[in-house]
>>> print(open('data-v6.cif').read())   # mmCIF, C-alpha atoms and all ligand atoms
data_final
#
loop_
_atom_site.label_atom_id
_atom_site.label_comp_id
_atom_site.auth_asym_id
_atom_site.auth_seq_id
_atom_site.Cartn_x
_atom_site.Cartn_y
_atom_site.Cartn_z
CA MET W 1 0.00 0.00 0.00
CA TYR W 2 1.64 3.24 -1.15
CA LYS W 3 -1.02 5.65 0.00
CA VAL W 4 0.60 8.54 1.87
CA ARG W 5 -1.72 11.49 1.29
CA LYS W 6 -5.19 11.41 -0.16
CA GLY W 7 -5.06 11.16 -3.94
CA THR W 8 -1.31 10.93 -4.06
CA LEU W 9 0.56 7.73 -4.66
CA PHE W 10 4.25 7.95 -3.89
CA LEU W 11 5.86 5.45 -6.23
CA PRO W 12 9.24 3.94 -5.66
CA ASN W 13 11.68 4.84 -8.46
CA LEU W 14 10.77 1.74 -10.42
CA SER W 15 8.68 3.45 -13.03
CA PRO W 16 10.82 5.81 -15.10
CA MET W 17 7.74 6.75 -17.15
CA LEU W 18 6.09 8.44 -14.19
CA PRO W 19 7.35 11.29 -12.05
CA VAL W 20 8.20 10.11 -8.52
CA ASN W 21 5.28 11.99 -7.04
CA THR W 22 2.22 11.26 -9.23
CA THR W 23 -1.29 12.33 -8.30
CA PHE W 24 -4.13 9.86 -8.94
CA ALA W 25 -7.84 10.16 -8.33
CA SER W 26 -8.45 9.21 -4.68
CA PHE W 27 -9.32 5.62 -3.90
CA MET W 28 -11.22 4.09 -1.03
CA ILE W 29 -10.58 0.98 0.99
CA ILE W 30 -13.65 -1.17 1.65
CA ILE W 31 -13.56 -3.23 4.83
CA ARG W 32 -16.17 -5.88 5.49
CA SER W 33 -15.22 -7.36 8.88
CA SER W 34 -14.50 -5.98 12.35
CA GLU W 35 -11.16 -7.88 12.51
CA ALA W 36 -9.94 -6.30 9.28
CA LEU W 37 -11.11 -2.89 10.49
CA LEU W 38 -9.22 -3.22 13.79
CA THR W 39 -6.03 -4.17 11.92
CA HIS W 40 -6.41 -1.17 9.62
CA ILE W 41 -7.09 1.24 12.52
CA GLN W 42 -3.96 -0.04 14.30
CA LYS W 43 -1.92 0.75 11.19
CA LEU W 44 -3.43 4.25 10.93
CA ARG W 45 -2.65 4.88 14.59
CA LYS W 46 0.99 3.84 14.09
CA GLU W 47 1.15 6.42 11.28
CA GLY W 48 -0.21 9.06 13.68
CA CYS W 49 -3.39 9.71 11.66
CA THR W 50 -6.44 11.41 13.13
CA ILE W 51 -9.80 9.88 12.20
CA GLY W 52 -13.16 11.47 11.44
CA PHE W 53 -16.11 9.06 11.43
CA ILE W 54 -19.52 9.18 9.72
CA PRO W 55 -21.93 6.37 10.66
CA THR W 56 -24.79 5.98 8.16
CA MET W 57 -27.49 3.56 7.08
CA GLY W 58 -26.65 4.08 3.41
CA ALA W 59 -28.93 5.19 0.55
CA LEU W 60 -26.59 8.13 0.55
CA HIS W 61 -27.47 11.63 -0.65
CA PRO W 62 -25.61 14.97 -0.66
CA GLY W 63 -26.48 15.51 3.02
CA HIS W 64 -24.42 12.45 3.99
CA LEU W 65 -21.63 13.49 1.62
CA SER W 66 -21.48 16.93 3.26
CA LEU W 67 -20.57 15.15 6.50
CA VAL W 68 -17.71 13.42 4.68
CA GLU W 69 -16.54 16.79 3.31
CA ASN W 70 -16.66 18.37 6.77
CA ALA W 71 -14.66 15.44 8.18
CA GLN W 72 -12.02 15.81 5.46
CA LYS W 73 -11.28 19.35 6.60
CA GLN W 74 -10.49 18.33 10.17
CA ASN W 75 -8.95 14.84 10.00
CA ASP W 76 -6.22 12.92 8.18
CA ILE W 77 -8.50 9.96 7.47
CA VAL W 78 -12.26 9.80 6.93
CA ILE W 79 -14.08 6.57 7.71
CA ALA W 80 -17.76 6.08 6.83
CA SER W 81 -19.88 3.08 7.73
CA ILE W 82 -23.06 1.72 6.17
CA PHE W 83 -25.19 -0.52 8.33
CA VAL W 84 -28.98 -0.69 8.36
CA ASN W 85 -29.27 -1.32 12.06
CA PRO W 86 -32.19 -3.66 12.83
CA THR W 87 -32.31 -2.76 16.54
CA GLN W 88 -33.24 0.89 15.96
CA PHE W 89 -36.35 0.18 13.85
CA ASN W 90 -39.44 0.01 16.03
CA ASP W 91 -41.48 -0.69 12.87
CA PRO W 92 -40.38 -3.92 11.08
CA LYS W 93 -42.02 -2.73 7.84
CA ASP W 94 -39.88 0.43 7.90
CA PHE W 95 -36.76 -1.76 8.30
CA LYS W 96 -37.80 -3.98 5.41
CA LEU W 97 -38.58 -1.05 3.12
CA TYR W 98 -35.49 1.01 4.07
CA PRO W 99 -33.71 1.72 0.74
CA ARG W 100 -30.47 -0.21 0.16
CA THR W 101 -28.23 1.12 -2.62
CA THR W 102 -24.74 -0.10 -1.66
CA GLU W 103 -23.18 -0.05 -5.16
CA GLN W 104 -24.20 3.55 -5.72
CA ASP W 105 -23.14 4.50 -2.17
CA ILE W 106 -19.64 3.11 -2.81
CA TYR W 107 -19.40 5.17 -5.99
CA LEU W 108 -20.54 8.36 -4.23
CA LEU W 109 -18.21 7.92 -1.25
CA GLU W 110 -15.23 7.13 -3.46
CA ASN W 111 -15.90 10.22 -5.57
CA THR W 112 -16.21 12.39 -2.47
CA GLY W 113 -12.78 11.22 -1.35
CA CYS W 114 -13.77 9.07 1.61
CA ASP W 115 -10.75 6.98 2.69
CA VAL W 116 -12.36 3.92 4.24
CA LEU W 117 -15.84 2.41 4.02
CA PHE W 118 -16.80 -0.07 6.73
CA LEU W 119 -19.58 -2.44 5.60
CA PRO W 120 -20.14 -4.70 8.61
CA SER W 121 -22.46 -7.68 8.92
CA VAL W 122 -25.00 -8.02 11.77
CA ASN W 123 -22.53 -10.43 13.37
CA ASP W 124 -19.73 -7.84 13.31
CA ILE W 125 -21.91 -5.33 15.12
CA TYR W 126 -23.65 -7.75 17.47
CA PRO W 127 -21.17 -10.63 17.99
CA ALA W 128 -23.20 -11.89 20.98
CA GLY W 129 -26.50 -11.73 19.08
CA THR W 130 -29.35 -9.21 19.30
CA THR W 131 -31.34 -10.70 22.14
CA GLN W 132 -29.35 -9.44 25.15
CA LEU W 133 -28.15 -5.99 24.24
CA PRO W 134 -26.89 -3.27 26.58
CA HIS W 135 -29.35 -0.73 28.00
CA TYR W 136 -28.29 2.91 28.30
CA GLU W 137 -29.56 5.36 30.91
CA LEU W 138 -30.35 8.17 28.51
CA GLY W 139 -32.74 10.00 30.83
CA TYR W 140 -35.05 12.81 29.71
CA PRO W 141 -34.15 13.00 25.97
CA GLU W 142 -35.40 9.43 25.54
CA THR W 143 -38.84 10.23 26.98
CA ILE W 144 -39.91 12.93 24.51
CA LEU W 145 -40.45 13.47 20.76
CA GLU W 146 -38.73 10.64 18.82
CA GLY W 147 -38.14 8.77 22.09
CA LYS W 148 -41.87 8.85 22.87
CA TYR W 149 -43.12 8.06 19.35
CA ARG W 150 -40.46 5.44 18.52
CA PRO W 151 -40.03 3.39 21.71
CA GLY W 152 -36.64 1.65 21.83
CA HIS W 153 -35.31 3.61 18.85
CA PHE W 154 -32.59 5.49 20.74
CA GLN W 155 -31.49 2.33 22.59
CA GLY W 156 -30.90 0.78 19.14
CA VAL W 157 -29.04 3.87 17.92
CA CYS W 158 -26.79 3.76 21.01
CA GLN W 159 -26.17 0.02 20.63
CA VAL W 160 -24.85 0.40 17.10
CA VAL W 161 -22.93 3.64 17.71
CA ASP W 162 -21.35 2.24 20.91
CA ARG W 163 -20.02 -0.76 18.96
CA LEU W 164 -18.87 1.37 16.00
CA MET W 165 -17.08 3.87 18.28
CA THR W 166 -15.30 0.98 20.03
CA LEU W 167 -14.07 -0.33 16.68
CA VAL W 168 -13.26 2.96 14.91
CA THR W 169 -12.09 5.07 17.92
CA PRO W 170 -12.35 8.33 15.97
CA GLU W 171 -11.23 11.74 17.21
CA ARG W 172 -14.42 13.24 15.77
CA LEU W 173 -17.92 11.91 15.11
CA TYR W 174 -19.91 13.71 12.37
CA LEU W 175 -23.69 13.92 12.72
CA GLY W 176 -26.44 15.82 10.93
CA GLN W 177 -28.59 18.49 12.55
CA LYS W 178 -31.60 16.92 10.81
CA ASP W 179 -31.51 14.29 13.58
CA TYR W 180 -31.06 16.88 16.33
CA GLN W 181 -32.46 14.76 19.15
CA GLN W 182 -30.20 11.90 18.07
CA CYS W 183 -27.23 14.29 18.34
CA MET W 184 -28.25 15.09 21.94
CA VAL W 185 -28.67 11.40 22.77
CA LEU W 186 -25.28 10.54 21.26
CA LYS W 187 -23.61 13.32 23.28
CA LYS W 188 -24.99 11.54 26.34
CA LEU W 189 -23.82 8.14 25.01
CA LEU W 190 -20.24 9.39 24.60
CA LEU W 191 -20.30 10.48 28.26
CA LEU W 192 -21.70 7.10 29.36
CA ILE W 193 -19.04 5.13 27.46
CA ASP W 194 -16.21 7.54 28.37
CA SER W 195 -15.42 8.29 24.74
CA PRO W 196 -13.11 11.30 24.25
CA ALA W 197 -14.42 11.82 20.69
CA GLN W 198 -15.83 15.20 19.81
CA ILE W 199 -19.23 15.50 18.14
CA GLU W 200 -19.47 17.79 15.11
CA ILE W 201 -23.04 18.65 14.13
CA CYS W 202 -23.36 19.58 10.45
CA PRO W 203 -26.17 21.68 8.91
CA THR W 204 -29.18 20.07 7.24
CA PHE W 205 -28.86 19.72 3.47
CA ARG W 206 -32.10 20.52 1.66
CA GLU W 207 -33.60 20.08 -1.78
CA ALA W 208 -34.15 23.32 -3.77
CA ASP W 209 -37.75 23.55 -2.45
CA GLY W 210 -36.64 23.20 1.17
CA LEU W 211 -37.40 19.50 1.80
CA ALA W 212 -34.67 18.09 4.05
CA MET W 213 -32.72 15.40 2.19
CA SER W 214 -33.49 11.97 3.59
CA SER W 215 -32.94 8.39 2.45
CA ARG W 216 -36.67 7.87 2.94
CA ASN W 217 -37.62 10.57 0.38
CA VAL W 218 -37.22 8.04 -2.46
CA ARG W 219 -40.23 6.18 -1.06
CA LEU W 220 -42.52 9.18 -1.71
CA SER W 221 -44.75 9.09 -4.81
CA SER W 222 -44.39 12.16 -7.05
CA ARG W 223 -47.62 13.57 -5.59
CA GLU W 224 -46.41 12.95 -2.03
CA ARG W 225 -43.02 14.41 -2.90
CA SER W 226 -44.55 17.73 -3.94
CA LEU W 227 -46.78 17.85 -0.83
CA ALA W 228 -43.78 16.99 1.38
CA THR W 229 -42.47 20.58 1.23
CA GLY W 230 -45.19 21.26 3.83
CA ILE W 231 -42.79 20.43 6.70
CA PHE W 232 -40.27 23.06 5.64
CA LYS W 233 -43.11 25.53 5.02
CA ALA W 234 -44.45 24.89 8.54
CA LEU W 235 -40.99 25.44 10.07
CA THR W 236 -40.56 28.61 7.99
CA LEU W 237 -43.97 29.84 9.14
CA ILE W 238 -42.94 29.31 12.78
CA SER W 239 -39.69 31.21 12.16
CA GLN W 240 -41.54 34.14 10.57
CA LYS W 241 -44.29 34.41 13.19
CA LEU W 242 -42.13 33.76 16.25
CA GLN W 243 -42.72 36.36 18.97
CA PRO W 244 -41.89 36.41 22.67
CA GLY W 245 -44.82 35.01 24.69
CA SER W 246 -47.18 32.08 24.09
CA LEU W 247 -46.25 29.64 21.31
CA ALA W 248 -49.73 28.05 21.12
CA ALA W 249 -51.05 30.10 18.18
CA ILE W 250 -48.06 29.54 15.87
CA LYS W 251 -48.06 25.81 16.65
CA GLU W 252 -51.75 25.75 15.75
CA GLU W 253 -51.04 27.52 12.43
CA ALA W 254 -48.22 25.08 11.69
CA PHE W 255 -50.59 22.12 12.36
CA HIS W 256 -53.10 23.68 9.97
CA LEU W 257 -50.44 24.07 7.26
CA LEU W 258 -49.34 20.43 7.65
CA ASP W 259 -52.97 19.37 7.45
CA GLU W 260 -53.42 21.31 4.19
CA HIS W 261 -50.45 19.36 2.80
CA GLN W 262 -52.06 16.05 3.88
CA PHE W 263 -49.43 15.31 6.51
CA ARG W 264 -50.39 13.31 9.62
CA PRO W 265 -48.19 14.85 12.30
CA ASP W 266 -46.85 12.90 15.28
CA TYR W 267 -45.74 16.18 16.82
CA ILE W 268 -44.91 19.84 16.28
CA GLU W 269 -42.93 21.04 19.26
CA ILE W 270 -40.76 23.99 20.18
CA ALA W 271 -38.01 23.22 22.68
CA ASP W 272 -35.03 24.79 24.40
CA ALA W 273 -32.20 24.00 21.94
CA ALA W 274 -29.74 23.26 24.76
CA THR W 275 -31.89 20.98 26.93
CA LEU W 276 -34.83 19.93 24.71
CA GLN W 277 -37.25 21.03 27.46
CA LEU W 278 -40.56 21.52 25.62
CA LEU W 279 -41.74 25.13 25.73
CA THR W 280 -45.18 26.72 25.76
CA GLU W 281 -43.72 30.24 25.88
CA TRP W 282 -40.60 31.91 24.53
CA ASP W 283 -38.71 34.57 26.49
CA GLY W 284 -37.46 36.26 23.30
CA LYS W 285 -33.82 35.45 24.12
CA LYS W 286 -33.28 31.71 24.37
CA LYS W 287 -31.99 29.66 21.42
CA ILE W 288 -34.88 27.35 20.63
CA ILE W 289 -35.65 24.63 18.12
CA ALA W 290 -38.88 23.90 16.26
CA MET W 291 -39.19 20.16 15.58
CA ILE W 292 -41.68 18.27 13.43
CA ALA W 293 -42.32 14.59 12.76
CA ALA W 294 -45.14 13.71 10.37
CA PHE W 295 -46.32 10.98 8.05
CA MET W 296 -46.69 11.61 4.34
CA GLY W 297 -48.56 8.50 3.23
CA GLU W 298 -46.56 5.61 4.74
CA VAL W 299 -43.33 7.57 5.02
CA ARG W 300 -42.42 9.26 8.30
CA LEU W 301 -40.36 12.42 7.87
CA ILE W 302 -38.65 14.61 10.48
CA ASP W 303 -37.14 18.07 10.29
CA ASN W 304 -36.23 20.98 12.54
CA MET W 305 -35.14 24.60 12.55
CA ILE W 306 -33.04 26.43 15.14
CA LEU W 307 -34.59 29.77 16.04
CA PRO W 308 -34.57 32.70 16.02
CA LEU W 309 -32.95 32.72 12.61
CA ASN W 310 -30.33 35.27 13.64
CA PHE W 311 -28.81 32.39 15.60
CA ALA W 312 -26.94 30.63 12.75
CA ASN W 313 -28.90 27.51 11.82
CA TYR W 314 -26.02 25.43 13.03
CA ALA W 315 -26.24 23.27 16.07
CA ASN W 316 -22.77 22.98 17.63
P1 LIG L 1 -28.78 8.01 8.31
O1 LIG L 1 -28.09 7.29 7.21
O2 LIG L 1 -30.11 8.54 7.95
O3 LIG L 1 -28.73 7.29 9.62
O4 LIG L 1 -27.90 9.35 8.54
C1 LIG L 1 -26.52 9.29 8.78
C2 LIG L 1 -26.08 10.67 9.21
O5 LIG L 1 -26.34 11.61 8.17
C3 LIG L 1 -26.82 11.17 10.46
O6 LIG L 1 -25.91 11.82 11.32
C4 LIG L 1 -27.83 12.12 9.88
O7 LIG L 1 -28.24 13.12 10.78
C5 LIG L 1 -27.06 12.71 8.72
N1 LIG L 1 -27.98 13.26 7.73
C6 LIG L 1 -29.10 12.67 7.24
N2 LIG L 1 -29.75 13.50 6.41
C7 LIG L 1 -29.04 14.66 6.38
C8 LIG L 1 -29.20 15.93 5.71
N3 LIG L 1 -30.24 16.18 4.92
N4 LIG L 1 -28.26 16.88 5.92
C9 LIG L 1 -27.20 16.64 6.74
N5 LIG L 1 -27.00 15.48 7.40
C10 LIG L 1 -27.90 14.51 7.23
#
>>> encode(input="data-v6.cif", output="C-alpha cells", more="lines below")
Ligand code: AMP
Amino acid sequence: MYKVRKGTLFLPNLSPMLPVNTTFASFMIIIRSSEALLTHIQKLRKEGCTIGFIPTMGALHPGHLSLVENAQKQNDIVIASIFVNPTQFNDPKDFKLYPRTTEQDIYLLENTGCDVLFLPSVNDIYPAGTTQLPHYELGYPETILEGKYRPGHFQGVCQVVDRLMTLVTPERLYLGQKDYQQCMVLKKLLLLIDSPAQIEICPTFREADGLAMSSRNVRLSSRERSLATGIFKALTLISQKLQPGSLAAIKEEAFHLLDEHQFRPDYIEIADAATLQLLTEWDGKKKIIAMIAAFMGEVRLIDNMILPLNFANYAN
C-alpha cells in the first residue's frame, strides 16, 4: 500500500515513465469485517493519523456526503460506515422497506474522497446476538419526541454507535442536525461510554424547495413528494411568526399548514435547543428549536429549525 496522502501515490523509483510523485484520483478501501477494520485502525494509529467518522445507514445523498466533506477538513482519514441497524427500527415494515443502494453508495463515497468504508455484517456489530443488548440510561431525551413516538429507537441507535465507536475510535464523530435529538442522545452516550471523541453537528442539506434530504424521500410518490415541502413551510412559518410570549397560536397555524399538505403529524414542538425542554412560551432570548415529525402517506419524515434565525442555523 503506497497511500501517503489522499489522492497521491508515492511510487518507488521503479517506473521511469512516471514522475516520482504522481497524483491519482483518490481511492477508497472497503472493509467488510470488524477484525480487518481493527487491523487497519492499528496501522493508521501507528502512522499518527487522526480519524473522522460518519456512521450511516446508506442510501446516501448529498447531506451524507457533506458530513464526509466536513470530516475531510479536520482529520487525516475519513471513515464512513453503512449498516442498516435492525435494533433501531421500532417498525419492522420500515426496516424492510429502508432503501439499500450499496453499489451507488460506494461510488458516491469514493468520488467524495472518503478513505475507508466499513460495511459490517449483523454479526460484526452484534457478535453476541441481538437478544441481550446493553441498555443505556439516557434520561429525559429518551422520553420525549422521537423517544416517545419510537419506543426503543434510541437504545438501538446507542447500541450500534457504541459498537462502532469501540471499533473505529475516531477523534471526531460527524452527525447531521436533521436528527437533532439523536445528536443530543449521542452526546450523552459518549459520556456514558467515556469516549473522548468530539461530536461535530453539520447543517441540514435541503432540496431546492426546502425538503430536508433523507434516504426515505425516495419512497414518496411524485404527488407525495410535492406535498412533502409542507414540513419546511411549517418550520418557515414558525420562524416568521415567532414572537416572545405564548407559542400556542403559531403551533396551531403550523398544524393547519401540515394538514393542508395532507401530513399526519406525530408532533410539532418547540423546545429549548440546549436541553430539549418543551416550551409553551418563549422569552425572546433563548436559542430554541422547532421540531416536526409527520407521516406523508406511509413515510415518516422529520425536520427541525433552530430559532430565532439570527442564531446561525447550526447546532454545535
Ligand atoms: P442516516 O443514514 O439517515 O442514519 O444518517 C446518517 C447521518 O447523516 C446522520 O448523522 C444524519 O443526521 C445525517 N444526515 C441525514 N440527512 C441529512 C441531511 N439532509 N443533511 C445533513 N446530514 C444529514
>>> atom_distance(input="data-v6.cif", atom1="CA of Lys188 in chain W", atom2="CA of Tyr136 in chain W")
9.4 Å
>>> residues_near_ligand(input="data-v6.cif", ligand="ligand LIG 1 (chain L)", cutoff="7 Å", atoms="all atoms listed in the file", output="MDAnalysis selection string")
chainID W and resid 54:58 60 63:64 66:67 174:179 202:206 212:215
>>> residues_around(input="data-v6.cif", residues="Gln155 in chain W", least_positions_apart="2", cutoff="10 Å", atoms="only C-alpha atoms", output="ChimeraX atom specification")
/W:87-88,133-138,142,147,151-153,157-161,185,189
>>> atom_distance(input="data-v6.cif", atom1="CA of Asp76 in chain W", atom2="CA of Cys49 in chain W")
5.5 Å
>>> residues_around(input="data-v6.cif", residues="range 242-254 of chain W", least_positions_apart="4", cutoff="6 Å", atoms="only C-alpha atoms", output="list in words")
Ala234, Ile238, Thr280, Glu281, Trp282, Asp283 and Gly284 of chain W
>>> atom_distance(input="data-v6.cif", atom1="CA of Asn85 in chain W", atom2="CA of Asn70 in chain W")
24.0 Å
>>> closest_residue(input="data-v6.cif", among="W:Glu146, W:Asp272, W:Asp105, W:Glu110", to="Asn90 in chain W", atoms="all atoms listed in the file")
W:Glu146
>>> closest_residue(input="data-v6.cif", among="W:Cys114, W:Ala273, W:Leu235, W:Ile292", to="Gly210 in chain W", atoms="all atoms listed in the file")
W:Leu235
>>> closest_residue(input="data-v6.cif", among="W:Gln198, W:Leu109, W:Arg150, W:Phe95", to="Asn75 in chain W", atoms="all atoms listed in the file")
W:Gln198
>>> closest_residue(input="data-v6.cif", among="W:Leu173, W:Leu186, W:Pro86, W:Asn310", to="Gly129 in chain W", atoms="all atoms listed in the file")
W:Pro86
>>> closest_residue(input="data-v6.cif", among="W:Phe154, W:Phe118, W:Phe232, W:Tyr267", to="Ile29 in chain W", atoms="only C-alpha atoms")
W:Phe118
>>> residues_near_point(input="data-v6.cif", point="(-15.6, 7.4, -4.7)", cutoff="12 Å", atoms="all atoms listed in the file", output="count of residues only")
25
>>> residues_near_point(input="data-v6.cif", point="(-33.2, 16.9, 33.6)", cutoff="10 Å", atoms="all atoms listed in the file", output="list of chain:residue names")
W:Gly139, W:Tyr140, W:Pro141, W:Thr275, W:Leu276, W:Gln277
>>> closest_residue(input="data-v6.cif", among="W:Met165, W:Ile270, W:Ile193, W:Leu97", to="Glu298 in chain W", atoms="all atoms listed in the file")
W:Leu97
>>> residues_around(input="data-v6.cif", residues="Arg225 in chain W", least_positions_apart="6", cutoff="9 Å", atoms="only C-alpha atoms", output="list of chain:residue names")
W:Leu211, W:Asn217, W:Val218, W:Arg219, W:Met296
>>> build_atoms(input="data-v6.cif", residues="range 88-117 of chain W", atoms="N, CA and C atoms", output="compact mmCIF listing (two decimals), in the coordinates of the input")
# COMPACT_ATOMS: atom_id res chain seq x y z
N GLN W 88 -32.69 -0.46 15.76
CA GLN W 88 -33.24 0.89 15.96
C GLN W 88 -34.57 1.11 15.23
N PHE W 89 -35.06 0.06 14.55
CA PHE W 89 -36.35 0.18 13.85
C PHE W 89 -37.43 -0.36 14.76
N ASN W 90 -38.33 0.52 15.21
CA ASN W 90 -39.44 0.01 16.03
C ASN W 90 -40.56 -0.52 15.13
N ASP W 91 -40.47 -0.20 13.81
CA ASP W 91 -41.48 -0.69 12.87
C ASP W 91 -40.79 -1.63 11.87
N PRO W 92 -41.06 -2.95 11.95
CA PRO W 92 -40.38 -3.92 11.08
C PRO W 92 -40.59 -3.63 9.59
N LYS W 93 -41.74 -3.04 9.25
CA LYS W 93 -42.02 -2.73 7.84
C LYS W 93 -41.06 -1.63 7.36
N ASP W 94 -40.80 -0.66 8.23
CA ASP W 94 -39.88 0.43 7.90
C ASP W 94 -38.48 -0.13 7.65
N PHE W 95 -38.08 -1.11 8.48
CA PHE W 95 -36.76 -1.76 8.30
C PHE W 95 -36.70 -2.47 6.95
N LYS W 96 -37.77 -3.20 6.65
CA LYS W 96 -37.80 -3.98 5.41
C LYS W 96 -37.75 -3.05 4.19
N LEU W 97 -38.47 -1.95 4.28
CA LEU W 97 -38.58 -1.05 3.12
C LEU W 97 -37.46 -0.01 3.06
N TYR W 98 -36.55 -0.01 4.07
CA TYR W 98 -35.49 1.01 4.07
C TYR W 98 -34.65 0.82 2.80
N PRO W 99 -34.43 1.91 2.02
CA PRO W 99 -33.71 1.72 0.74
C PRO W 99 -32.27 1.26 0.94
N ARG W 100 -31.84 0.32 0.11
CA ARG W 100 -30.47 -0.21 0.16
C ARG W 100 -29.85 -0.05 -1.23
N THR W 101 -28.81 0.78 -1.31
CA THR W 101 -28.23 1.12 -2.62
C THR W 101 -26.70 1.09 -2.51
N THR W 102 -26.17 -0.04 -2.03
CA THR W 102 -24.74 -0.10 -1.66
C THR W 102 -23.80 0.24 -2.82
N GLU W 103 -24.07 -0.30 -4.01
CA GLU W 103 -23.18 -0.05 -5.16
C GLU W 103 -23.05 1.45 -5.42
N GLN W 104 -24.20 2.10 -5.47
CA GLN W 104 -24.20 3.55 -5.72
C GLN W 104 -23.53 4.31 -4.57
N ASP W 105 -23.76 3.84 -3.35
CA ASP W 105 -23.14 4.50 -2.17
C ASP W 105 -21.62 4.43 -2.26
N ILE W 106 -21.11 3.28 -2.68
CA ILE W 106 -19.64 3.11 -2.81
C ILE W 106 -19.11 4.13 -3.82
N TYR W 107 -19.81 4.23 -4.94
CA TYR W 107 -19.40 5.17 -5.99
C TYR W 107 -19.38 6.61 -5.44
N LEU W 108 -20.44 6.98 -4.74
CA LEU W 108 -20.54 8.36 -4.23
C LEU W 108 -19.45 8.65 -3.20
N LEU W 109 -19.22 7.69 -2.29
CA LEU W 109 -18.21 7.92 -1.25
C LEU W 109 -16.82 8.01 -1.86
N GLU W 110 -16.54 7.14 -2.81
CA GLU W 110 -15.23 7.13 -3.46
C GLU W 110 -15.00 8.47 -4.16
N ASN W 111 -16.04 8.95 -4.84
CA ASN W 111 -15.90 10.22 -5.57
C ASN W 111 -15.82 11.43 -4.65
N THR W 112 -16.31 11.27 -3.42
CA THR W 112 -16.21 12.39 -2.47
C THR W 112 -14.84 12.37 -1.78
N GLY W 113 -14.11 11.28 -1.95
CA GLY W 113 -12.78 11.22 -1.35
C GLY W 113 -12.76 10.60 0.03
N CYS W 114 -13.78 9.80 0.33
CA CYS W 114 -13.77 9.07 1.61
C CYS W 114 -12.62 8.05 1.57
N ASP W 115 -11.92 7.87 2.69
CA ASP W 115 -10.75 6.98 2.69
C ASP W 115 -11.11 5.53 2.92
N VAL W 116 -12.03 5.30 3.87
CA VAL W 116 -12.36 3.92 4.24
C VAL W 116 -13.87 3.79 4.37
N LEU W 117 -14.42 2.73 3.81
CA LEU W 117 -15.84 2.41 4.02
C LEU W 117 -15.91 1.10 4.79
